[in-house]
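See below for my_file-v5.cif, which holds mmCIF, C-alpha atoms and all ligand atoms.
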```
data_query
loop_
_atom_site.label_atom_id
_atom_site.label_comp_id
_atom_site.auth_asym_id
_atom_site.auth_seq_id
_atom_site.Cartn_x
_atom_site.Cartn_y
_atom_site.Cartn_z
CA MET B 53 18.39 -11.24 8.69
CA ASP B 54 18.98 -7.47 8.63
CA LYS B 55 18.20 -5.35 11.68
CA LEU B 56 18.10 -1.62 12.26
CA LEU B 57 19.96 -0.07 15.18
CA VAL B 58 18.43 3.26 16.15
CA ARG B 59 19.73 5.71 18.77
CA GLY B 60 16.76 7.90 19.45
CA GLY B 61 15.92 11.05 21.27
CA LYS B 62 16.65 13.96 18.94
CA PRO B 63 14.32 16.01 16.76
CA LEU B 64 14.70 15.25 13.05
CA ALA B 65 14.76 18.14 10.63
CA GLY B 66 15.27 18.77 6.93
CA THR B 67 13.74 17.92 3.58
CA VAL B 68 12.69 14.53 2.26
CA ARG B 69 11.70 13.73 -1.29
CA ILE B 70 8.81 11.28 -1.32
CA SER B 71 9.07 8.30 -3.70
CA GLY B 72 6.48 6.92 -6.10
CA SER B 73 3.57 5.04 -4.59
CA LYS B 74 3.90 1.27 -4.21
CA ASN B 75 0.16 0.73 -4.06
CA ALA B 76 -0.42 2.86 -7.15
CA ALA B 77 2.42 1.20 -9.08
CA LEU B 78 1.37 -2.43 -8.53
CA PRO B 79 -2.06 -2.33 -10.27
CA VAL B 80 -0.60 -0.29 -13.16
CA MET B 81 2.10 -2.95 -13.53
CA ALA B 82 -0.67 -5.57 -13.71
CA ALA B 83 -2.59 -3.51 -16.26
CA THR B 84 0.35 -3.79 -18.69
CA LEU B 85 -0.84 -7.39 -19.27
CA LEU B 86 -4.05 -6.10 -20.87
CA THR B 87 -2.29 -4.98 -24.05
CA PRO B 88 0.64 -6.44 -25.97
CA GLY B 89 3.33 -3.77 -26.36
CA VAL B 90 6.03 -1.77 -24.62
CA HIS B 91 4.79 0.09 -21.52
CA ARG B 92 6.68 2.85 -19.70
CA LEU B 93 6.12 3.60 -16.00
CA ARG B 94 8.17 6.43 -14.45
CA ASN B 95 8.68 7.17 -10.74
CA VAL B 96 8.27 3.49 -9.79
CA PRO B 97 9.76 2.94 -6.31
CA ARG B 98 12.62 0.42 -6.15
CA LEU B 99 11.21 -1.88 -3.51
CA ARG B 100 10.99 -5.56 -2.81
CA ASP B 101 7.27 -5.52 -3.73
CA THR B 102 7.76 -3.85 -7.13
CA GLN B 103 10.62 -6.27 -7.79
CA THR B 104 8.47 -9.24 -6.82
CA PHE B 105 5.70 -8.01 -9.12
CA ALA B 106 8.26 -7.59 -11.92
CA ARG B 107 9.23 -11.23 -11.34
CA VAL B 108 5.57 -12.30 -11.61
CA LEU B 109 5.30 -10.46 -14.94
CA GLU B 110 8.51 -12.12 -16.16
CA LEU B 111 7.12 -15.55 -15.32
CA LEU B 112 4.08 -14.64 -17.42
CA GLY B 113 6.44 -14.00 -20.36
CA ALA B 114 6.91 -10.22 -20.15
CA LYS B 115 10.32 -8.56 -20.48
CA VAL B 116 10.90 -6.20 -17.58
CA ALA B 117 13.72 -3.67 -17.13
CA PHE B 118 14.35 -1.11 -14.38
CA ASP B 119 16.47 1.93 -15.24
CA GLY B 120 16.53 3.92 -12.01
CA ASN B 121 12.85 4.56 -11.36
CA LEU B 122 11.81 4.05 -14.99
CA LEU B 123 10.23 0.66 -15.47
CA THR B 124 9.81 -0.67 -19.00
CA ILE B 125 7.55 -3.68 -19.44
CA ASP B 126 7.27 -5.40 -22.80
CA THR B 127 4.20 -7.63 -22.80
CA GLN B 128 4.30 -8.41 -26.54
CA ASP B 129 5.32 -12.02 -25.97
CA ALA B 130 3.58 -12.60 -22.64
CA ASN B 131 2.16 -16.06 -23.14
CA SER B 132 1.92 -17.82 -19.78
CA VAL B 133 -1.12 -17.44 -17.52
CA GLU B 134 0.21 -19.04 -14.33
CA ALA B 135 1.20 -17.02 -11.24
CA PRO B 136 2.77 -19.53 -8.84
CA TYR B 137 2.27 -19.88 -5.09
CA GLU B 138 5.97 -19.18 -4.33
CA LEU B 139 5.57 -15.57 -5.48
CA VAL B 140 1.91 -14.88 -4.68
CA LYS B 141 2.37 -16.00 -1.06
CA THR B 142 5.11 -13.38 -0.60
CA MET B 143 2.94 -10.59 -2.00
CA ARG B 144 -0.81 -10.58 -1.93
CA ALA B 145 -1.11 -7.92 -4.63
CA SER B 146 0.02 -10.53 -7.20
CA ILE B 147 -3.71 -11.39 -7.36
CA TYR B 148 -4.00 -8.26 -9.55
CA VAL B 149 -2.85 -10.28 -12.59
CA LEU B 150 -6.05 -12.38 -12.50
CA GLY B 151 -8.41 -9.85 -14.13
CA PRO B 152 -5.99 -8.72 -16.86
CA LEU B 153 -5.10 -12.35 -17.75
CA LEU B 154 -8.77 -13.32 -18.04
CA ALA B 155 -9.48 -10.19 -20.08
CA ARG B 156 -6.62 -10.76 -22.55
CA PHE B 157 -6.27 -14.55 -22.75
CA GLY B 158 -9.60 -15.83 -21.46
CA ARG B 159 -7.80 -18.04 -18.95
CA ALA B 160 -5.63 -17.76 -15.85
CA LYS B 161 -4.14 -19.86 -13.08
CA VAL B 162 -3.28 -17.71 -10.08
CA SER B 163 -2.41 -18.98 -6.61
CA LEU B 164 -4.75 -17.97 -3.81
CA PRO B 165 -2.78 -15.53 -1.64
CA GLY B 166 -3.50 -17.19 1.71
CA GLY B 167 -3.39 -15.49 5.10
CA CYS B 168 -1.13 -12.70 6.26
CA ALA B 169 0.09 -11.17 9.50
CA TRP B 170 -3.20 -9.32 10.01
CA GLY B 171 -6.10 -11.64 9.45
CA PRO B 172 -7.35 -13.74 6.56
CA ARG B 173 -7.83 -10.86 4.04
CA PRO B 174 -10.31 -12.56 1.70
CA VAL B 175 -10.50 -12.16 -2.10
CA ASN B 176 -14.15 -13.17 -2.40
CA LEU B 177 -15.16 -9.84 -3.97
CA HIS B 178 -12.55 -10.26 -6.71
CA LEU B 179 -13.84 -13.75 -7.50
CA THR B 180 -17.60 -13.14 -7.36
CA GLY B 181 -17.17 -9.99 -9.46
CA LEU B 182 -15.25 -11.83 -12.16
CA GLN B 183 -17.82 -14.62 -12.06
CA ALA B 184 -20.61 -12.06 -12.51
CA MET B 185 -18.74 -10.99 -15.66
CA GLY B 186 -18.94 -14.55 -16.97
CA ALA B 187 -15.59 -15.99 -15.87
CA GLN B 188 -15.76 -19.65 -14.92
CA LEU B 189 -13.56 -19.93 -11.87
CA GLU B 190 -12.75 -22.87 -9.67
CA ILE B 191 -10.33 -23.43 -6.84
CA ASP B 192 -7.97 -26.27 -7.68
CA HIS B 193 -5.11 -27.31 -5.37
CA GLY B 194 -4.79 -23.80 -3.95
CA TYR B 195 -5.04 -22.08 -7.33
CA ILE B 196 -7.79 -19.95 -8.84
CA VAL B 197 -8.27 -21.46 -12.27
CA GLY B 198 -10.26 -19.64 -14.94
CA ARG B 199 -11.02 -21.17 -18.32
CA ASN B 200 -12.77 -20.16 -21.54
CA ALA B 201 -13.69 -16.78 -20.18
CA LYS B 202 -15.23 -14.27 -22.53
CA LEU B 203 -15.82 -11.45 -20.13
CA LYS B 204 -19.09 -9.57 -20.41
CA GLY B 205 -20.28 -6.38 -18.74
CA ALA B 206 -22.24 -6.75 -15.49
CA THR B 207 -23.53 -4.64 -12.61
CA ILE B 208 -21.59 -5.43 -9.45
CA GLY B 209 -22.26 -3.93 -6.01
CA PHE B 210 -19.57 -4.35 -3.35
CA ASP B 211 -20.84 -4.90 0.19
CA VAL B 212 -17.57 -3.51 1.58
CA VAL B 213 -15.35 -0.92 -0.05
CA SER B 214 -12.32 -2.75 -1.46
CA VAL B 215 -9.34 -1.13 -3.15
CA GLY B 216 -8.16 -4.42 -4.60
CA ALA B 217 -11.52 -5.63 -5.90
CA THR B 218 -12.34 -2.26 -7.48
CA ALA B 219 -8.98 -2.15 -9.30
CA GLN B 220 -9.25 -5.81 -10.31
CA LEU B 221 -12.72 -5.50 -11.82
CA MET B 222 -11.91 -2.19 -13.48
CA MET B 223 -9.03 -3.88 -15.29
CA ALA B 224 -11.22 -6.82 -16.27
CA ALA B 225 -14.04 -4.57 -17.48
CA VAL B 226 -12.09 -2.26 -19.79
CA LEU B 227 -11.79 -5.00 -22.45
CA ALA B 228 -15.06 -6.83 -21.66
CA GLN B 229 -17.97 -6.93 -24.05
CA GLY B 230 -20.59 -4.35 -23.00
CA THR B 231 -20.92 -2.13 -19.96
CA THR B 232 -19.89 -2.86 -16.38
CA VAL B 233 -21.16 -0.84 -13.44
CA LEU B 234 -19.24 -1.01 -10.15
CA GLU B 235 -21.28 0.24 -7.18
CA ASN B 236 -19.67 1.22 -3.85
CA ALA B 237 -16.28 1.47 -5.58
CA ALA B 238 -13.14 2.50 -3.70
CA LEU B 239 -12.10 6.17 -3.95
CA GLU B 240 -8.47 5.65 -2.98
CA PRO B 241 -6.15 7.66 -5.26
CA ASP B 242 -4.47 4.40 -6.35
CA VAL B 243 -7.77 3.24 -7.89
CA THR B 244 -8.71 6.59 -9.44
CA VAL B 245 -5.26 6.98 -10.96
CA LEU B 246 -5.39 3.46 -12.38
CA GLY B 247 -8.64 4.46 -14.08
CA GLU B 248 -7.06 7.62 -15.45
CA VAL B 249 -4.10 5.65 -16.80
CA LEU B 250 -6.48 3.22 -18.53
CA VAL B 251 -8.52 6.11 -19.99
CA GLY B 252 -5.23 7.49 -21.33
CA CYS B 253 -4.81 4.18 -23.18
CA GLY B 254 -8.28 4.35 -24.76
CA ALA B 255 -10.51 2.83 -22.05
CA ARG B 256 -13.97 4.31 -21.52
CA ILE B 257 -14.61 4.84 -17.80
CA GLU B 258 -17.16 7.25 -16.33
CA GLY B 259 -17.44 8.34 -12.68
CA LEU B 260 -13.77 8.12 -11.67
CA GLY B 261 -13.39 9.46 -8.14
CA SER B 262 -17.01 8.57 -7.29
CA ARG B 263 -18.60 5.49 -5.71
CA ARG B 264 -20.18 4.44 -9.05
CA LEU B 265 -17.96 3.54 -11.97
CA THR B 266 -19.39 2.84 -15.42
CA ILE B 267 -16.99 1.08 -17.75
CA HIS B 268 -17.80 0.57 -21.43
CA GLY B 269 -15.64 -2.22 -22.84
CA VAL B 270 -13.44 -1.41 -25.83
CA PRO B 271 -11.83 -3.93 -28.21
CA SER B 272 -8.22 -2.89 -27.54
CA LEU B 273 -6.01 -0.44 -25.65
CA GLN B 274 -2.77 1.43 -26.33
CA PRO B 275 0.33 0.64 -24.22
CA ILE B 276 0.73 2.55 -20.95
CA ASP B 277 3.02 5.58 -20.64
CA THR B 278 2.65 7.19 -17.24
CA THR B 279 4.29 8.63 -14.12
CA ILE B 280 3.36 6.99 -10.81
CA ILE B 281 1.91 9.36 -8.17
CA PRO B 282 3.83 10.06 -4.93
CA ASP B 283 3.38 7.63 -2.06
CA ARG B 284 0.85 9.22 0.30
CA ILE B 285 1.56 6.67 3.05
CA GLU B 286 5.32 7.25 2.89
CA ALA B 287 4.61 11.00 3.06
CA ALA B 288 2.30 10.60 6.05
CA THR B 289 4.86 8.33 7.74
CA PHE B 290 7.54 11.06 7.52
CA ALA B 291 4.97 13.57 8.79
CA ALA B 292 4.53 11.25 11.79
CA VAL B 293 8.33 11.27 12.28
CA ALA B 294 8.16 15.06 12.71
CA ALA B 295 5.27 14.69 15.16
CA MET B 296 7.07 11.98 17.12
CA THR B 297 10.47 13.67 17.39
CA GLY B 298 9.26 17.27 17.66
CA GLY B 299 11.22 18.21 14.55
CA THR B 300 10.43 20.08 11.33
CA ILE B 301 10.33 18.06 8.11
CA ARG B 302 9.53 19.35 4.63
CA LEU B 303 7.92 16.68 2.44
CA GLU B 304 8.60 17.30 -1.24
CA ASN B 305 6.99 15.75 -4.31
CA VAL B 306 3.67 15.09 -2.58
CA ILE B 307 -0.03 15.64 -3.34
CA PRO B 308 -1.24 16.94 0.06
CA ASP B 309 -4.95 16.30 -0.68
CA GLN B 310 -4.18 12.59 -0.95
CA PHE B 311 -3.16 12.33 2.72
CA GLU B 312 -5.25 15.15 4.11
CA ALA B 313 -6.95 12.94 6.75
CA ALA B 314 -3.57 11.97 8.23
CA LEU B 315 -2.35 15.58 8.08
CA ARG B 316 -5.47 16.82 9.84
CA LYS B 317 -5.06 14.26 12.60
CA LEU B 318 -1.41 15.26 13.09
CA GLU B 319 -2.50 18.90 13.21
CA GLU B 320 -5.01 17.96 15.92
CA SER B 321 -2.16 16.27 17.79
CA GLY B 322 -0.30 19.58 17.90
CA CYS B 323 1.70 19.70 14.64
CA THR B 324 1.93 22.93 12.68
CA LEU B 325 1.57 22.51 8.92
CA GLN B 326 2.44 24.62 5.93
CA ARG B 327 0.97 23.30 2.71
CA SER B 328 1.74 24.21 -0.90
CA ALA B 329 0.70 22.51 -4.15
CA ASP B 330 3.36 19.79 -4.01
CA ALA B 331 4.99 20.10 -0.57
CA VAL B 332 4.07 20.15 3.10
CA THR B 333 6.22 21.27 6.03
CA VAL B 334 5.32 19.54 9.29
CA SER B 335 6.58 20.86 12.63
CA GLY B 336 6.00 18.64 15.62
CA ALA B 337 5.01 20.08 19.00
CA ALA B 338 7.25 19.64 22.06
CA ARG B 339 4.84 16.89 23.08
CA PRO B 340 1.91 15.50 21.03
CA ARG B 341 -1.66 15.98 22.24
CA PRO B 342 -3.90 12.90 22.53
CA VAL B 343 -6.24 12.21 19.60
CA SER B 344 -9.06 9.92 18.66
CA VAL B 345 -8.63 8.04 15.36
CA VAL B 346 -10.98 5.78 13.40
CA THR B 347 -9.68 4.25 10.17
CA GLN B 348 -12.01 4.50 7.19
CA PRO B 349 -11.84 4.01 3.44
CA PHE B 350 -10.48 7.07 1.56
CA PRO B 351 -10.95 9.99 2.14
CA GLY B 352 -10.98 8.85 5.77
CA PHE B 353 -7.94 8.11 7.93
CA PRO B 354 -6.05 5.22 6.25
CA THR B 355 -5.53 1.87 7.97
CA ASP B 356 -2.01 2.00 6.51
CA MET B 357 -1.26 4.88 8.95
CA GLN B 358 -2.88 3.35 12.04
CA ALA B 359 0.33 1.84 13.42
CA GLN B 360 2.41 5.00 12.87
CA MET B 361 -0.30 7.12 14.53
CA ILE B 362 -0.32 4.79 17.55
CA ALA B 363 3.44 5.38 17.85
CA VAL B 364 2.81 9.15 18.06
CA CYS B 365 0.06 8.60 20.65
CA THR B 366 2.37 6.58 22.93
CA ILE B 367 4.11 9.81 24.04
CA ALA B 368 1.07 12.10 23.94
CA ASP B 369 0.06 14.19 26.90
CA GLY B 370 -3.05 12.12 27.74
CA THR B 371 -5.09 9.15 26.52
CA SER B 372 -5.76 8.49 22.82
CA VAL B 373 -8.19 6.03 21.28
CA VAL B 374 -7.37 4.39 17.93
CA GLU B 375 -9.87 2.13 16.19
CA ASP B 376 -9.20 0.14 13.01
CA THR B 377 -12.44 -0.64 11.20
CA ILE B 378 -10.78 -1.95 8.01
CA TYR B 379 -8.41 -4.59 9.36
CA THR B 380 -9.61 -5.34 12.85
CA ASP B 381 -6.62 -7.41 14.00
CA ARG B 382 -3.84 -5.30 12.53
CA PHE B 383 -2.19 -4.60 15.87
CA THR B 384 1.01 -6.68 16.00
CA HIS B 385 2.98 -3.51 16.82
CA VAL B 386 1.13 -3.07 20.14
CA PRO B 387 2.99 -5.70 22.22
CA GLU B 388 6.30 -4.53 20.71
CA LEU B 389 5.59 -0.90 21.66
CA ALA B 390 4.81 -2.17 25.17
CA ARG B 391 8.40 -3.52 25.30
CA MET B 392 9.51 0.09 24.81
CA GLY B 393 7.40 1.25 27.75
CA ALA B 394 4.20 2.22 25.92
CA ARG B 395 0.94 1.79 27.84
CA ILE B 396 -1.65 0.43 25.43
CA GLU B 397 -4.75 -1.56 26.19
CA LEU B 398 -6.19 -3.44 23.24
CA LYS B 399 -9.94 -4.08 23.31
CA GLY B 400 -10.82 -5.91 20.10
CA ASN B 401 -10.10 -3.47 17.29
CA VAL B 402 -9.68 -0.48 19.61
CA ALA B 403 -6.35 0.55 21.13
CA VAL B 404 -6.51 2.79 24.19
CA VAL B 405 -3.12 4.50 24.40
CA LYS B 406 -2.11 6.20 27.65
CA GLY B 407 0.72 8.57 26.81
CA VAL B 408 3.99 8.22 28.72
CA ASP B 409 6.71 10.88 29.10
CA ARG B 410 9.28 8.91 27.14
CA LEU B 411 9.74 5.55 25.46
CA ALA B 412 12.85 3.52 26.21
CA GLY B 413 14.95 1.70 23.60
CA ALA B 414 14.52 -2.09 23.49
CA GLN B 415 14.87 -5.03 21.13
CA VAL B 416 11.70 -5.24 19.09
CA MET B 417 10.48 -7.24 16.15
CA ALA B 418 8.43 -6.12 13.22
CA THR B 419 5.75 -8.36 11.76
CA ASP B 420 4.46 -6.37 8.80
CA LEU B 421 5.28 -3.31 6.76
CA ARG B 422 3.44 -0.57 8.63
CA ALA B 423 4.09 -2.17 12.04
CA SER B 424 7.80 -1.97 11.17
CA ALA B 425 7.46 1.70 10.26
CA CYS B 426 5.70 2.29 13.58
CA LEU B 427 8.57 0.71 15.53
CA VAL B 428 11.19 2.77 13.68
CA ILE B 429 9.26 5.98 14.40
CA ALA B 430 8.96 5.00 18.06
CA ALA B 431 12.69 4.20 18.17
CA LEU B 432 13.59 7.63 16.78
CA ALA B 433 12.00 9.29 19.82
CA ALA B 434 12.98 6.69 22.43
CA GLN B 435 15.74 7.13 24.95
CA GLY B 436 18.73 4.92 24.20
CA GLU B 437 19.17 2.19 21.61
CA THR B 438 16.46 0.22 19.85
CA LEU B 439 17.20 -2.80 17.72
CA VAL B 440 14.41 -3.41 15.21
CA ASP B 441 14.50 -6.97 13.88
CA ARG B 442 13.02 -8.46 10.66
CA ILE B 443 13.19 -5.22 8.75
CA TYR B 444 12.76 -6.99 5.41
CA HIS B 445 9.14 -5.84 5.80
CA LEU B 446 10.35 -2.22 5.52
CA ASP B 447 12.21 -3.05 2.32
CA ARG B 448 8.87 -4.12 0.84
CA GLY B 449 7.40 -0.65 1.08
CA TYR B 450 9.80 2.21 1.91
CA GLU B 451 12.40 3.24 -0.68
CA SER B 452 15.78 4.18 0.90
CA LEU B 453 14.23 4.60 4.35
CA GLU B 454 17.48 4.68 6.34
CA GLN B 455 19.19 7.04 3.88
CA LYS B 456 16.23 9.42 4.04
CA LEU B 457 16.18 9.32 7.86
CA VAL B 458 19.96 9.80 8.11
CA ALA B 459 19.64 12.88 5.88
CA LEU B 460 17.16 14.23 8.45
CA GLY B 461 19.72 13.72 11.22
CA ALA B 462 18.71 10.29 12.54
CA ASP B 463 21.26 7.99 14.13
CA ILE B 464 20.23 4.79 12.39
CA ARG B 465 22.29 1.95 11.02
CA ARG B 466 21.50 -1.31 9.22
CA ILE B 467 23.17 -4.37 10.70
CA HIS B 468 23.61 -7.28 8.33
C1 LIG B 501 -5.07 -2.31 -0.18
C2 LIG B 501 -3.65 -1.89 0.12
C3 LIG B 501 -3.37 -2.00 1.60
C4 LIG B 501 -4.41 -1.25 2.41
C5 LIG B 501 -5.83 -1.65 2.01
C6 LIG B 501 -6.92 -0.81 2.66
C7 LIG B 501 -2.46 -2.49 -1.90
C8 LIG B 501 -1.46 -3.37 -2.54
N1 LIG B 501 -2.75 -2.75 -0.63
O1 LIG B 501 -5.19 -3.68 0.18
O2 LIG B 501 -2.08 -1.46 1.86
O3 LIG B 501 -4.25 -1.50 3.79
O4 LIG B 501 -5.98 -1.51 0.57
O5 LIG B 501 -6.74 0.52 2.34
O6 LIG B 501 -2.93 -1.54 -2.48
N2 LIG B 501 -12.33 -7.45 1.62
C9 LIG B 501 -13.25 -8.49 1.55
N3 LIG B 501 -13.26 -9.26 0.41
C10 LIG B 501 -12.43 -9.02 -0.64
C11 LIG B 501 -11.51 -7.97 -0.56
C12 LIG B 501 -11.48 -7.20 0.60
O7 LIG B 501 -14.02 -8.73 2.47
O8 LIG B 501 -12.50 -9.75 -1.64
C13 LIG B 501 -12.29 -6.62 2.85
C14 LIG B 501 -10.96 -6.73 3.59
O9 LIG B 501 -10.94 -7.83 4.47
C15 LIG B 501 -10.89 -5.40 4.31
C16 LIG B 501 -11.60 -4.44 3.34
O10 LIG B 501 -12.35 -5.26 2.44
O11 LIG B 501 -11.61 -5.44 5.51
C17 LIG B 501 -10.68 -3.55 2.55
O12 LIG B 501 -9.70 -4.36 1.90
P1 LIG B 501 -9.09 -3.94 0.48
O13 LIG B 501 -9.40 -2.50 0.24
O14 LIG B 501 -9.50 -4.92 -0.54
O15 LIG B 501 -7.53 -4.09 0.74
P2 LIG B 501 -6.43 -4.54 -0.31
O16 LIG B 501 -6.82 -4.09 -1.68
O17 LIG B 501 -6.07 -5.95 -0.10
#
```
Spit out the file's structure as structure tokens when you get a sec.
Ligand code: UD1
Amino acid sequence: MDKLLVRGGKPLAGTVRISGSKNAALPVMAATLLTPGVHRLRNVPRLRDTQTFARVLELLGAKVAFDGNLLTIDTQDANSVEAPYELVKTMRASIYVLGPLLARFGRAKVSLPGGCAWGPRPVNLHLTGLQAMGAQLEIDHGYIVGRNAKLKGATIGFDVVSVGATAQLMMAAVLAQGTTVLENAALEPDVTVLGEVLVGCGARIEGLGSRRLTIHGVPSLQPIDTTIIPDRIEAATFAAVAAMTGGTIRLENVIPDQFEAALRKLEESGCTLQRSADAVTVSGAARPRPVSVVTQPFPGFPTDMQAQMIAVCTIADGTSVVEDTIYTDRFTHVPELARMGARIELKGNVAVVKGVDRLAGAQVMATDLRASACLVIAALAAQGETLVDRIYHLDRGYESLEQKLVALGADIRRIH
């Protein structure tokens, strides 16, 4: 298993070009199943997760080809409706094929994703929403099986804001008979952009970017031709690197509004920011100031930046409080940071972080994508060597992470 060896302790500086967004790319890849034809997606990050999703599409009968960051998906002959456990268990987002399969073929057999490193992560909202639209779903030997579905419009109110359920039901509704209303919809850019892509293909969606989406079903759509938006979490992660190491990093190819909450929190922690339309320069302070962070659905502070922000807080000049309201047990990085000398007390979903002068390199182990990013950031500022184990999680979500960090002056090496 690959590991990363990091010699920390120097400020990182330079320019980094941010890749396409994983979480925006995955639902658009699923949406290619809605329409037979050749779809073109540019700026798709080359990651384990996009490759896994490509494999799911291939198993469903699509022809998939990567040429650099251009992904071409031919769904003309897609004819299978089964997404097997072996793939779905490795990537929860595979559940996104359920809605499009039901919409196009009227049937689907998709493995239930199961648990993950941070809690059970249910899919009940996906299932009850599709059922409200007339899908007959049952759970059979670990699979969600839908038969004879002729999807019809319905009014569906979510009791919690869910990115996945909003995207899923939007995809199901665009080809359904009649009008679907989604109340308390997610506002995350990944969802809004999916809607815009579908509208570009002939879908009729009103209210994009608001909590109430009205979707009038249409009989058919055109194939997708789009460019995936920049990855706001990758961008915010590199901003955290500047905060952590006290360096100056220019983030290029970004949409600053899409990670404004993270930028504002880093500013509060002492960073100086210079924003332009598609770039941000982040200069870290000599030592971060303590902050108080509560994760919220967009436009609030993202749960996908909670771990990286805790890393910054470990060396702040005082006590920070970080609460995750979205995923309440997403804290596997906390005991690992403690191995590096961090002082963190975890009370339920609240981490109280008492800043120390310096972290010390240690052997640590990552248990999920953002926890891994957090440990790498911590290692970059720590004194001495840190060996980060199980970095396959990083390969799921950060394109060319080591190369980008090396270009910023990091001493980081992958050990096979
Ligand atoms: C997506 C992101 C993930 C991010 C999360 C929250 C992708 C591939 N993943 O995950 O990186 O951390 O949004 O921003 O885009 N919930 C239910 N029932 C459901 C679905 C969700 O109760 O059927 C709850 C979850 O337990 C959680 C909250 O809703 O507490 C938000 O989850 P959701 O937005 O659905 O996350 P994902 O779409 O899985």
TODO: Give the residues close to ligand LIG 501 (chain B), within 8 Å, counting all atoms listed in the file; write them as a PyMOL selection string.
DONE: chain B and resi 74-76+78-79+144-145+171-179+212-218+238+240+242+349-350+354-356+377-380
Task: Straight-line distance linking CA of Glu437 (chain B) with CA of Lys55 (chain B), stated in Å to one decimal - done: 12.5 Å
At a cut-off of 6 Å, using only C-alpha atoms, what residues contact Thr438 (chain B)? Leave out same-chain residues fewer than 4 positions from it and give the result as a PDB file with C-alpha atoms, keeping the file's coordinate frame.
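The new file result-v7.pdb reads:
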```pdb
ATOM      1  CA  LEU B  57      19.960  -0.070  15.180  1.00  0.00           C
ATOM      2  CA  VAL B  58      18.430   3.260  16.150  1.00  0.00           C
ATOM      3  CA  GLY B 413      14.950   1.700  23.600  1.00  0.00           C
ATOM      4  CA  ALA B 414      14.520  -2.090  23.490  1.00  0.00           C
ATOM      5  CA  GLN B 415      14.870  -5.030  21.130  1.00  0.00           C
ATOM      6  CA  ALA B 431      12.690   4.200  18.170  1.00  0.00           C
TER       7      ALA B 431
END
```
TODO: Could you give me, as a list in words, the residues that sit within 10 Å of (-0.7, -9.9, 18.5) in the file's coordinates, counting only C-alpha atoms?
DONE: Ala169, Trp170, Asp381, Arg382, Phe383, Thr384, His385, Val386, Pro387, Glu388, Leu398 and Thr419 of chain B
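When only C-alpha atoms are used to compute distances to Val140 (chain B), the closest of the residues B:Asp101, B:Asp119, B:Asp409, B:Glu248 turns out to be B:Asp101.
CA of Leu318 (chain B) sits 11.9 Å away from CA of Arg339 (chain B).
Near Ser71 (chain B), within 8 Å and counting all atoms listed in the file, sit B:Asn95, B:Val96, B:Pro97, B:Pro282, B:Asp283, B:Glu286, B:Asn305, B:Glu451; same-chain residues fewer than 3 positions away were not included.
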With C-alpha atoms retained, could you export that selection as a PDB file, in the coordinates of the input?
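File produced: result05.pdb:
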```pdb
ATOM      1  CA  ASN B  95       8.680   7.170 -10.740  1.00  0.00           C
ATOM      2  CA  VAL B  96       8.270   3.490  -9.790  1.00  0.00           C
ATOM      3  CA  PRO B  97       9.760   2.940  -6.310  1.00  0.00           C
ATOM      4  CA  PRO B 282       3.830  10.060  -4.930  1.00  0.00           C
ATOM      5  CA  ASP B 283       3.380   7.630  -2.060  1.00  0.00           C
ATOM      6  CA  GLU B 286       5.320   7.250   2.890  1.00  0.00           C
ATOM      7  CA  ASN B 305       6.990  15.750  -4.310  1.00  0.00           C
ATOM      8  CA  GLU B 451      12.400   3.240  -0.680  1.00  0.00           C
TER       9      GLU B 451
END
```
